[in-house]
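Everything below concerns the one structure shown next.
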Protein chains: 2
Amino acid sequence: MKSDEKAEKTNNPAKDKKKNFVTPRTLPGFMELLPAEQVLFNKMLDTIRTTYETFGFIPLDTPIIEFAEILLAKAGGETEKQIYKFDKGDNELALRFDLTVPLAKYVSQYYHSLTFPFRRYQIGKVFRGERPQKGRFREFYQCDIDIIGDGELSIMNDAEIPSIIYQTFKRMGFENFTIRINNRKILNGFFEALGLRDRASDVLRTIDKIDKIGEDSVRIELSNIGINQASVDSIIQFLSIKGSNSNVISALESMNIDNPVYLQGIQELKDVIYYIGCFEVPEKNFTVDLTIARGLDYYTGTVYETILNDYPQIGSVCSGGRYDNLAEYYTEKNLPGVGISIGLTRLFYKLLEAEIIKTANSSTAKVLIISMIEDMSFPLKLATELRSNGINTEIYYNNKGIKGKLTYANKLGIQFVAIIGEDEIKTGEISLKNMFTGEQQKLPLSEIIKRVS
Amino acid sequence: MKSDEKAEKTNNPAKDKKKNFVTPRTLPGFMELLPAEQVLFNKMLDTIRTTYETFGFIPLDTPIIEFAEILLAKAGGETEKQIYKFDKGDNELALRFDLTVPLAKYVSQYYHSLTFPFRRYQIGKVFRGERPQKGRFREFYQCDIDIIGDGELSIMNDAEIPSIIYQTFKRMGFENFTIRINNRKILNGFFEALGLRDRASDVLRTIDKIDKIGEDSVRIELSNIGINQASVDSIIQFLSIKGSNSNVISALESMNIDNPVYLQGIQELKDVIYYIGCFEVPEKNFTVDLTIARGLDYYTGTVYETILNDYPQIGSVCSGGRYDNLAEYYTEKNLPGVGISIGLTRLFYKLLEAEIIKTANSSTAKVLIISMIEDMSFPLKLATELRSNGINTEIYYNNKGIKGKLTYANKLGIQFVAIIGEDEIKTGEISLKNMFTGEQQKLPLSEIIKRVS
């Protein structure tokens with residue numbers, strides 16, 4: 001190939017130049033959206049952001065590149081394999097793989113300049129060099145909130161989190177979703193009472209799969225890891241506790257397990273459930289679910305998952321929980337926290353794939369101005385007037401007939417077209433066409449602003 | 001050191017564990033802000049974003065990682081040295097160093113799915129591995145808009161751009177700034193008339209420095225690159241054309257240079273100047289400046305720079321221009337465009353350093369609710385009510401006295417504190433304290449919503 005190319009180059013440099021285009025392409029596993037999708041994606045992102053701000057969270061933006069040593073202080077295993085590392089200058093650098101490690105770094109580093117509890121949100125891209133496959137991304141948005149206490153953090157924060165999840169998904173247009181809540185202390189205390197304290201994380205990892213693999217498989221796996229039959233029975237019985245939130249609490253209490261961790265867990269869960277109600281989260285949108293353990297050893301108290309009831313196959317769309325110590329690898333300060341994360345890139349992909357959300361317009365413009373006359377001064381003044389009234393406005397400049405101009409509006413899904421001709425300039429009334437209904441009327445500017453706003 | 005550490009590890013693992021903290025730190029050349037700065041930064045970012053959308057620009061978000069081959073299709077020299085490259089899997093990957101190359105890739109790649117003119121904005125981080133120095137960043141935000149035509153693009157777009165710059169900086173709170181406008185065709189035609197067509201880019205590069213090095217140095221540099229004395233005189237005379245926009249145009253016309261490129265440039269500049277006025281950009285905020293050439297060979301028509309008049313040392317805060325062909329390395333399609341870019345990270349740094357902008361609050365919350373009673377149900381309901389009225393609200397949960405709780409509000413710069421005690425619950429009226437004025441009043445909820453909104 002190379003020698004052929006060279007020969008051609010000598011014979012016909014101009015033609016060869018054309019052939020030397022670099023093929024424009026995007027890396028596999030990296031989401032890149034067309035305009036209509038991007039407009040929809042950004043709407044979801046904005047909803048998440050503004051909802052987080054409604055709860056008074058502080059924005060944070062940390063670098064995408066950090067010292068690899070910082071990012072990998074805790075990690076190991078999968079994370080280390082997936083991290084994007086590269087060398088530039090003296091130090092080994094890497095791309096962040098989540099927003100929690102940078103938060104831990106940030107809070108330790110600026111501890112003396114921060115006010116606690118530190119309530120921050122961060123929305124940004126993270127990177128994992130996974131094998132690309134359908135619905136898995138190497139670059140994806142995480143939308144995180146965390147509340148970090150200095151030495152202590154009230155359980156009230158655990159109760160506020162579901163109200164944030166509720167508002168976020170409600171404002172994104174969802175109704176039929178359930179926030180599943182559990183408390184790791186209940187599980188841990190229960191295992192302690194069974195004499196399985198040292199096996200707790202193995203057992204939690206196994207029972208965390210119950211939704212995916214079913215009760216029978218969990219029984220088998222538990223036996224396989226050496227849990228005796230009586231304990232397996234107790235665990236399955238425990239996991240079968242279901243019903244209304246108050247029924248579940250009663251059932252837990254009536255088990256008469258006299259373990260302090262267990263009892264503290266129940267008390268915390270009771271408080272959380274009571275106060276979630278005070279935040280006016282409807283009963284149908286949250287439930288105690290003792291099967292939720294959130295695989296990670298990280299969590300130590302309340303844990304959350306969120307399921308879209310009509311699309312359980314998507315899995316949890318918003319998860320998180322309480323942890324005892326955010327930054328143990330960077331500081332001796334004790335920094336308990338509670339937080340959640342929405343993996344927006346994957347969620348968006350899944351929602352679009354399942355046609356739960358649909359693209360509409362490809363533009364941010366609400367009005368397109370098209371002019372049938374040559375002097376553009378009036379159309380430009382009109383655009384400036386609409387824009388100063390907060391109406392996103394575009395002017396079409398290409399030299400086409402009215403049909404071609406309307407086609408442009410149609411393609412972008414712009415709802416209103418303001419048409420300027422000689423008549424409009426004489427009378428001062430502007431033809432406003434609603435592209436969705438086909439309706440067209442001549443209206444004074446003030447009326448146009450009202451209709452369009 | 002290493003053997004010492006090992007010895008200690010053996011003697012006292014617990015103590016050693018504490019000593020093994022990874023020091024939390026951020027890479028040099030990477031901006032990381034404290035909350036008050038971040039809140040201010042985000043306000044500027046939001047203003048830019050919403051202003052871009054007012055003009056109907058479509059959001060675009062391309063991956064931060066691309067094939068190095070794509071990013072470097074055109075580049076070479078400095079860019080190639082500064083690019084962050086790394087290996088992961090089979091292909092050579094790199095981090096984007098601007099938003100223009102990804103746009104060129106995107107438009108070529110999705111050409112058949114896009115509607116032209118394609119008006120997109122993109123706000124995102126780009127990466128350059130420069131030697132870190134004061135005010136230079138390795139990771140920084142660019143806020144770009146570009147309008148891409150398919151084969152042709154009306155000069156009206158060139159006139160609209162200054163109105164976008166004007167609105168953006170006005171909405172960010174600036175009054176005293178000047179958008180400097182020139183047209184490369186005037187310069188190119190002028191050089192052609194002097195018989196310096198082949199030297200145009202050398203000459204442009206030199207005269208682009210006139211603001212920095214002065215007229216005498218430009219004369220010397222021009223002589224040094226072999227321009228004869230008569231031509232140097234003409235160039236300096238040409239560059240000395242100053243005055244009102246109409247005076248400059250007249251002076252250009254009265255030079256009687258019968259070169260078609262020169263004359264087209266003047267016509268384009270006249271059109272742009274006329275229509276900028278129609279967009280109601282005040283005369284004081286834009287000016288023709290024949291010294292602006294925008295060093296890059298990239299631009300072929302209108303070019304822009306923006307100067308904060310009171311802080312010329314900051315340099316141009318928003319620059320751009322017209323180019324003939326966006327994507328010549330990826331496609332044979334002819335895609336002319338016009339665009340601008342704001343380098344927000346550097347701008348923010350410079351504005352803060354010069355105390356042109358000042359931080360205020362460290363929170364997004366407008367109201368902090370503090371409760372002097374144990375049952376939190378009323379405070380939580382109040383928070384939910386305020387939030388549903390669009391008021392960003394935080395609840396303080398830590399167990400402190402009233403003074404400690406007010407201190408928290410003060411530290412974060414939250415303007416209003418709603419205080420709930422037994423009295424408030426009995427009467428239904430809430431104590432609202434304005435932390436900025438010290439004023440405190442008992443008010444019904446409806447009145448609180450009004451005051452705070």
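As shown in the structure tokens, the chain order sets the letters A, B, ...; within each chain, residues go from 1, and ligands are also counted from 1 in the order they appear.
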Need to verify the contact set: region 309-325 of chain A, 8 Å, only C-alpha atoms, exclusion of same-chain residues closer than 5 positions in sequence. Can you return it as a PDB file with N, CA and C atoms, in the first residue's frame?
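New file result_23.pdb:
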```
ATOM      1  N   ASP A 158     -29.580  11.429  55.650  1.00  0.00           N
ATOM      2  CA  ASP A 158     -29.970  10.178  54.984  1.00  0.00           C
ATOM      3  C   ASP A 158     -31.434  10.231  54.552  1.00  0.00           C
ATOM      4  N   ILE A 165     -33.736  12.438  45.266  1.00  0.00           N
ATOM      5  CA  ILE A 165     -33.949  11.470  44.174  1.00  0.00           C
ATOM      6  C   ILE A 165     -35.359  11.642  43.618  1.00  0.00           C
ATOM      7  N   ASN A 176     -43.624   6.690  37.848  1.00  0.00           N
ATOM      8  CA  ASN A 176     -43.725   5.334  38.366  1.00  0.00           C
ATOM      9  C   ASN A 176     -42.335   4.754  38.650  1.00  0.00           C
ATOM     10  N   PHE A 177     -41.742   5.246  39.750  1.00  0.00           N
ATOM     11  CA  PHE A 177     -40.427   4.738  40.138  1.00  0.00           C
ATOM     12  C   PHE A 177     -40.406   4.513  41.646  1.00  0.00           C
ATOM     13  N   THR A 178     -39.521   3.637  42.076  1.00  0.00           N
ATOM     14  CA  THR A 178     -39.447   3.317  43.502  1.00  0.00           C
ATOM     15  C   THR A 178     -38.020   3.468  44.006  1.00  0.00           C
ATOM     16  N   ARG A 294     -26.073  -3.066  48.089  1.00  0.00           N
ATOM     17  CA  ARG A 294     -25.065  -2.287  47.363  1.00  0.00           C
ATOM     18  C   ARG A 294     -23.683  -2.919  47.509  1.00  0.00           C
ATOM     19  N   TYR A 298     -17.903  -0.394  50.876  1.00  0.00           N
ATOM     20  CA  TYR A 298     -17.847   1.021  51.158  1.00  0.00           C
ATOM     21  C   TYR A 298     -18.960   1.521  52.086  1.00  0.00           C
ATOM     22  N   TYR A 299     -20.191   1.066  51.833  1.00  0.00           N
ATOM     23  CA  TYR A 299     -21.330   1.623  52.569  1.00  0.00           C
ATOM     24  C   TYR A 299     -21.486   1.011  53.946  1.00  0.00           C
ATOM     25  N   THR A 300     -21.913   1.832  54.900  1.00  0.00           N
ATOM     26  CA  THR A 300     -21.966   1.389  56.292  1.00  0.00           C
ATOM     27  C   THR A 300     -23.310   1.640  56.962  1.00  0.00           C
ATOM     28  N   GLY A 301     -24.225   2.325  56.309  1.00  0.00           N
ATOM     29  CA  GLY A 301     -25.527   2.629  56.924  1.00  0.00           C
ATOM     30  C   GLY A 301     -26.615   2.551  55.871  1.00  0.00           C
ATOM     31  N   THR A 302     -27.374   3.655  55.749  1.00  0.00           N
ATOM     32  CA  THR A 302     -28.451   3.701  54.770  1.00  0.00           C
ATOM     33  C   THR A 302     -27.908   3.450  53.361  1.00  0.00           C
ATOM     34  N   VAL A 303     -28.636   2.653  52.582  1.00  0.00           N
ATOM     35  CA  VAL A 303     -28.291   2.477  51.157  1.00  0.00           C
ATOM     36  C   VAL A 303     -29.541   2.665  50.302  1.00  0.00           C
ATOM     37  N   TYR A 304     -29.312   3.135  49.081  1.00  0.00           N
ATOM     38  CA  TYR A 304     -30.420   3.448  48.164  1.00  0.00           C
ATOM     39  C   TYR A 304     -30.207   2.807  46.798  1.00  0.00           C
ATOM     40  N   ASN A 334     -11.798  12.180  60.387  1.00  0.00           N
ATOM     41  CA  ASN A 334     -12.918  11.281  60.191  1.00  0.00           C
ATOM     42  C   ASN A 334     -14.034  12.040  59.467  1.00  0.00           C
ATOM     43  N   LEU A 335     -14.325  11.644  58.245  1.00  0.00           N
ATOM     44  CA  LEU A 335     -15.250  12.393  57.394  1.00  0.00           C
ATOM     45  C   LEU A 335     -16.377  11.494  56.885  1.00  0.00           C
ATOM     46  N   PRO A 336     -17.424  11.306  57.735  1.00  0.00           N
ATOM     47  CA  PRO A 336     -18.548  10.485  57.285  1.00  0.00           C
ATOM     48  C   PRO A 336     -19.367  11.226  56.233  1.00  0.00           C
ATOM     49  N   GLY A 337     -20.027  10.469  55.376  1.00  0.00           N
ATOM     50  CA  GLY A 337     -20.814  11.119  54.331  1.00  0.00           C
ATOM     51  C   GLY A 337     -21.961  10.264  53.856  1.00  0.00           C
ATOM     52  N   VAL A 338     -22.821  10.898  53.068  1.00  0.00           N
ATOM     53  CA  VAL A 338     -23.895  10.161  52.412  1.00  0.00           C
ATOM     54  C   VAL A 338     -24.069  10.786  51.032  1.00  0.00           C
ATOM     55  N   GLY A 339     -24.292   9.946  50.025  1.00  0.00           N
ATOM     56  CA  GLY A 339     -24.384  10.494  48.671  1.00  0.00           C
ATOM     57  C   GLY A 339     -25.049   9.550  47.701  1.00  0.00           C
ATOM     58  N   ILE A 340     -25.324  10.079  46.540  1.00  0.00           N
ATOM     59  CA  ILE A 340     -25.908   9.277  45.452  1.00  0.00           C
ATOM     60  C   ILE A 340     -25.253   9.677  44.139  1.00  0.00           C
ATOM     61  N   SER A 341     -25.443   8.827  43.153  1.00  0.00           N
ATOM     62  CA  SER A 341     -24.894   9.084  41.826  1.00  0.00           C
ATOM     63  C   SER A 341     -25.896   8.647  40.760  1.00  0.00           C
ATOM     64  N   ILE A 342     -26.014   9.468  39.727  1.00  0.00           N
ATOM     65  CA  ILE A 342     -26.782   9.065  38.550  1.00  0.00           C
ATOM     66  C   ILE A 342     -25.783   8.920  37.400  1.00  0.00           C
ATOM     67  N   GLY A 343     -25.730   7.752  36.802  1.00  0.00           N
ATOM     68  CA  GLY A 343     -24.862   7.536  35.638  1.00  0.00           C
ATOM     69  C   GLY A 343     -25.639   7.935  34.389  1.00  0.00           C
ATOM     70  N   LEU A 347     -27.910   5.839  31.495  1.00  0.00           N
ATOM     71  CA  LEU A 347     -29.351   6.003  31.676  1.00  0.00           C
ATOM     72  C   LEU A 347     -29.987   6.549  30.405  1.00  0.00           C
ATOM     73  N   LYS A 350     -30.117   3.930  27.689  1.00  0.00           N
ATOM     74  CA  LYS A 350     -31.130   2.907  27.951  1.00  0.00           C
ATOM     75  C   LYS A 350     -32.550   3.451  27.742  1.00  0.00           C
TER      76      LYS A 350
END
```
Near chain A, 6 Å: chain B residue rows, closest pairs, only C-alpha atoms, as a Markdown table:
```
| residue | atom | partner | partner_atom | distance |
| --- | --- | --- | --- | --- |
| B:Phe21 | CA | A:Tyr330 | CA | 4.9 |
| B:Val22 | CA | A:Tyr330 | CA | 5.1 |
| B:Thr23 | CA | A:Tyr330 | CA | 5.9 |
| B:Pro24 | CA | A:Lys105 | CA | 5.2 |
| B:Glu32 | CA | A:Thr62 | CA | 5.7 |
| B:Glu53 | CA | A:Thr364 | CA | 5.9 |
| B:Thr54 | CA | A:Asn392 | CA | 3.9 |
| B:Phe55 | CA | A:Thr393 | CA | 5.3 |
| B:Gly56 | CA | A:Ala365 | CA | 4.1 |
| B:Ile58 | CA | A:Ser363 | CA | 5.2 |
| B:Thr62 | CA | A:Glu32 | CA | 5.7 |
| B:Phe86 | CA | A:Phe86 | CA | 4.9 |
| B:Lys105 | CA | A:Pro24 | CA | 5.2 |
| B:Gln109 | CA | A:Pro24 | CA | 5.3 |
| B:Cys278 | CA | A:Ser377 | CA | 5.3 |
| B:Phe279 | CA | A:Leu380 | CA | 5.6 |
| B:Tyr329 | CA | A:Phe21 | CA | 5.3 |
| B:Tyr330 | CA | A:Phe21 | CA | 4.9 |
| B:Ser363 | CA | A:Ile58 | CA | 5.3 |
| B:Thr364 | CA | A:Gly56 | CA | 5.0 |
| B:Ala365 | CA | A:Gly56 | CA | 4.1 |
| B:Ser377 | CA | A:Cys278 | CA | 5.3 |
| B:Leu380 | CA | A:Phe279 | CA | 5.6 |
| B:Lys381 | CA | A:Phe279 | CA | 5.7 |
| B:Thr384 | CA | A:Phe279 | CA | 6.0 |
| B:Arg387 | CA | A:Thr54 | CA | 5.9 |
| B:Asn392 | CA | A:Thr54 | CA | 3.9 |
| B:Thr393 | CA | A:Phe55 | CA | 5.3 |
| B:Glu394 | CA | A:Gly56 | CA | 5.1 |
```
Mind checking which residues fall within 8 Å of Asp208 (chain A), counting only C-alpha atoms, ignoring those fewer than 2 positions away in the same chain, and posting them as a list in words?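 The filter keeps Leu204, Arg205, Thr206, Ile210, Asp211, Thr291, Ile292, Ala293, Arg294 and Gly295 of chain A.
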Distance criterion (only C-alpha atoms): nearest to Val101 (chain B) out of B:Ile181, B:Met255, B:Leu194, B:Leu326: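 Of B:Ile181, B:Met255, B:Leu194, B:Leu326, the one nearest Val101 (chain B), counting only C-alpha atoms, is B:Leu326.
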What's the separation between CA of Ser250 (chain A) and CA of Ser231 (chain A), in Å to one decimal place?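 We find that CA of Ser250 (chain A) and CA of Ser231 (chain A) lie 21.4 Å from each other.
Here CA of Ile161 (chain B) and CA of Lys426 (chain A) stand 28.4 Å from one another.
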Which of region 10-244 of chain B DSSP labels strand (DSSP E), written as a PyMOL selection string: chain B and resi 58-59+65-67+85-88+91-95+118-127+139-148+177-183
Saved selection, atoms kept: N, CA and C atoms, as a CSV table (one decimal), in the first residue's frame:
```csv
chain,number,residue,atom,x,y,z
B,58,ILE,N,-27.2,25.3,18.8
B,58,ILE,CA,-27.4,24.0,19.2
B,58,ILE,C,-26.3,23.4,20.1
B,59,PRO,N,-26.5,22.8,21.2
B,59,PRO,CA,-25.4,22.3,22.0
B,59,PRO,C,-24.8,21.1,21.4
B,65,ILE,N,-11.6,12.3,24.6
B,65,ILE,CA,-10.6,11.4,24.0
B,65,ILE,C,-11.0,11.2,22.5
B,66,GLU,N,-10.0,11.3,21.6
B,66,GLU,CA,-10.2,11.0,20.2
B,66,GLU,C,-9.0,10.2,19.7
B,67,PHE,N,-9.2,9.7,18.5
B,67,PHE,CA,-8.0,9.1,17.8
B,67,PHE,C,-7.0,10.2,17.6
B,85,LYS,N,-1.1,12.4,24.9
B,85,LYS,CA,-1.4,11.1,24.2
B,85,LYS,C,-1.2,10.0,25.2
B,86,PHE,N,-1.9,8.9,24.9
B,86,PHE,CA,-1.7,7.7,25.7
B,86,PHE,C,-2.2,6.5,25.0
B,87,ASP,N,-1.7,5.3,25.4
B,87,ASP,CA,-2.0,4.1,24.7
B,87,ASP,C,-3.0,3.3,25.6
B,88,LYS,N,-4.0,2.9,25.0
B,88,LYS,CA,-5.0,2.0,25.6
B,88,LYS,C,-5.6,1.1,24.5
B,91,ASN,N,-5.3,1.4,19.6
B,91,ASN,CA,-5.2,2.6,18.9
B,91,ASN,C,-4.5,3.7,19.7
B,92,GLU,N,-3.9,4.6,19.0
B,92,GLU,CA,-3.3,5.7,19.7
B,92,GLU,C,-4.3,6.7,20.0
B,93,LEU,N,-4.5,7.0,21.2
B,93,LEU,CA,-5.5,8.0,21.7
B,93,LEU,C,-4.9,9.3,22.2
B,94,ALA,N,-5.7,10.3,22.2
B,94,ALA,CA,-5.2,11.6,22.7
B,94,ALA,C,-6.3,12.4,23.2
B,95,LEU,N,-6.0,13.4,24.0
B,95,LEU,CA,-7.0,14.3,24.6
B,95,LEU,C,-7.2,15.5,23.6
B,118,PHE,N,-25.3,24.9,10.1
B,118,PHE,CA,-25.2,24.2,11.3
B,118,PHE,C,-24.7,25.2,12.4
B,119,ARG,N,-25.5,25.6,13.3
B,119,ARG,CA,-25.1,26.5,14.3
B,119,ARG,C,-24.9,25.8,15.6
B,120,ARG,N,-23.7,25.6,16.0
B,120,ARG,CA,-23.5,24.8,17.3
B,120,ARG,C,-22.7,25.7,18.3
B,121,TYR,N,-23.0,25.4,19.6
B,121,TYR,CA,-22.1,25.9,20.6
B,121,TYR,C,-21.5,24.7,21.3
B,122,GLN,N,-20.3,24.8,21.8
B,122,GLN,CA,-19.8,23.8,22.7
B,122,GLN,C,-19.0,24.4,23.8
B,123,ILE,N,-19.2,24.0,25.0
B,123,ILE,CA,-18.5,24.4,26.2
B,123,ILE,C,-17.9,23.2,26.8
B,124,GLY,N,-16.6,23.2,26.9
B,124,GLY,CA,-16.0,22.0,27.5
B,124,GLY,C,-14.5,22.2,27.7
B,125,LYS,N,-13.9,21.2,28.4
B,125,LYS,CA,-12.5,21.3,28.8
B,125,LYS,C,-11.7,20.8,27.6
B,126,VAL,N,-10.5,21.5,27.4
B,126,VAL,CA,-9.5,21.0,26.4
B,126,VAL,C,-8.2,21.0,27.2
B,127,PHE,N,-7.2,20.3,26.6
B,127,PHE,CA,-6.0,20.0,27.3
B,127,PHE,C,-4.8,20.3,26.5
B,139,GLU,N,-5.4,22.4,31.5
B,139,GLU,CA,-6.8,22.0,31.3
B,139,GLU,C,-7.6,23.3,31.4
B,140,PHE,N,-8.4,23.6,30.4
B,140,PHE,CA,-9.1,24.8,30.5
B,140,PHE,C,-10.4,24.7,29.7
B,141,TYR,N,-11.4,25.6,30.1
B,141,TYR,CA,-12.7,25.6,29.4
B,141,TYR,C,-12.6,26.5,28.1
B,142,GLN,N,-13.1,26.0,27.0
B,142,GLN,CA,-13.4,26.8,25.9
B,142,GLN,C,-14.9,26.9,25.7
B,143,CYS,N,-15.4,28.1,25.3
B,143,CYS,CA,-16.8,28.3,25.1
B,143,CYS,C,-16.9,28.8,23.7
B,144,ASP,N,-17.2,27.9,22.8
B,144,ASP,CA,-17.2,28.2,21.3
B,144,ASP,C,-18.5,28.3,20.7
B,145,ILE,N,-18.7,29.2,19.7
B,145,ILE,CA,-19.8,29.0,18.8
B,145,ILE,C,-19.2,29.1,17.4
B,146,ASP,N,-19.9,28.3,16.5
B,146,ASP,CA,-19.5,28.3,15.1
B,146,ASP,C,-20.8,28.1,14.3
B,147,ILE,N,-20.8,28.8,13.1
B,147,ILE,CA,-21.9,28.6,12.2
B,147,ILE,C,-21.2,28.0,10.9
B,148,ILE,N,-21.7,26.8,10.5
B,148,ILE,CA,-21.0,26.2,9.4
B,148,ILE,C,-22.0,26.1,8.2
B,177,PHE,N,-16.2,47.6,27.0
B,177,PHE,CA,-15.4,46.7,26.2
B,177,PHE,C,-15.6,47.0,24.7
B,178,THR,N,-14.6,46.7,23.9
B,178,THR,CA,-14.7,47.0,22.5
B,178,THR,C,-14.4,45.7,21.7
B,179,ILE,N,-15.3,45.5,20.8
B,179,ILE,CA,-15.1,44.4,19.8
B,179,ILE,C,-14.4,45.0,18.6
B,180,ARG,N,-13.2,44.5,18.4
B,180,ARG,CA,-12.4,45.0,17.2
B,180,ARG,C,-12.7,44.1,16.0
B,181,ILE,N,-12.9,44.7,14.9
B,181,ILE,CA,-13.3,44.0,13.7
B,181,ILE,C,-12.4,44.3,12.6
B,182,ASN,N,-12.0,43.4,11.8
B,182,ASN,CA,-11.3,43.6,10.6
B,182,ASN,C,-11.7,42.6,9.6
B,183,ASN,N,-11.2,42.7,8.4
B,183,ASN,CA,-11.4,41.6,7.3
B,183,ASN,C,-10.1,41.3,6.7
```
Distance criterion (only C-alpha atoms): nearest to Asn224 (chain A) out of A:Asp202, A:Asp150, A:Ser244, A:Leu269: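 Smallest distance to Asn224 (chain A) is found for A:Asp202.
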Surrounding residues of Glu221 (chain B) excluding itself and chain neighbours under 3 positions, 10 Å, only C-alpha atoms, as a PyMOL selection string: chain B and resi 203+206-207+215-218+224-227+232
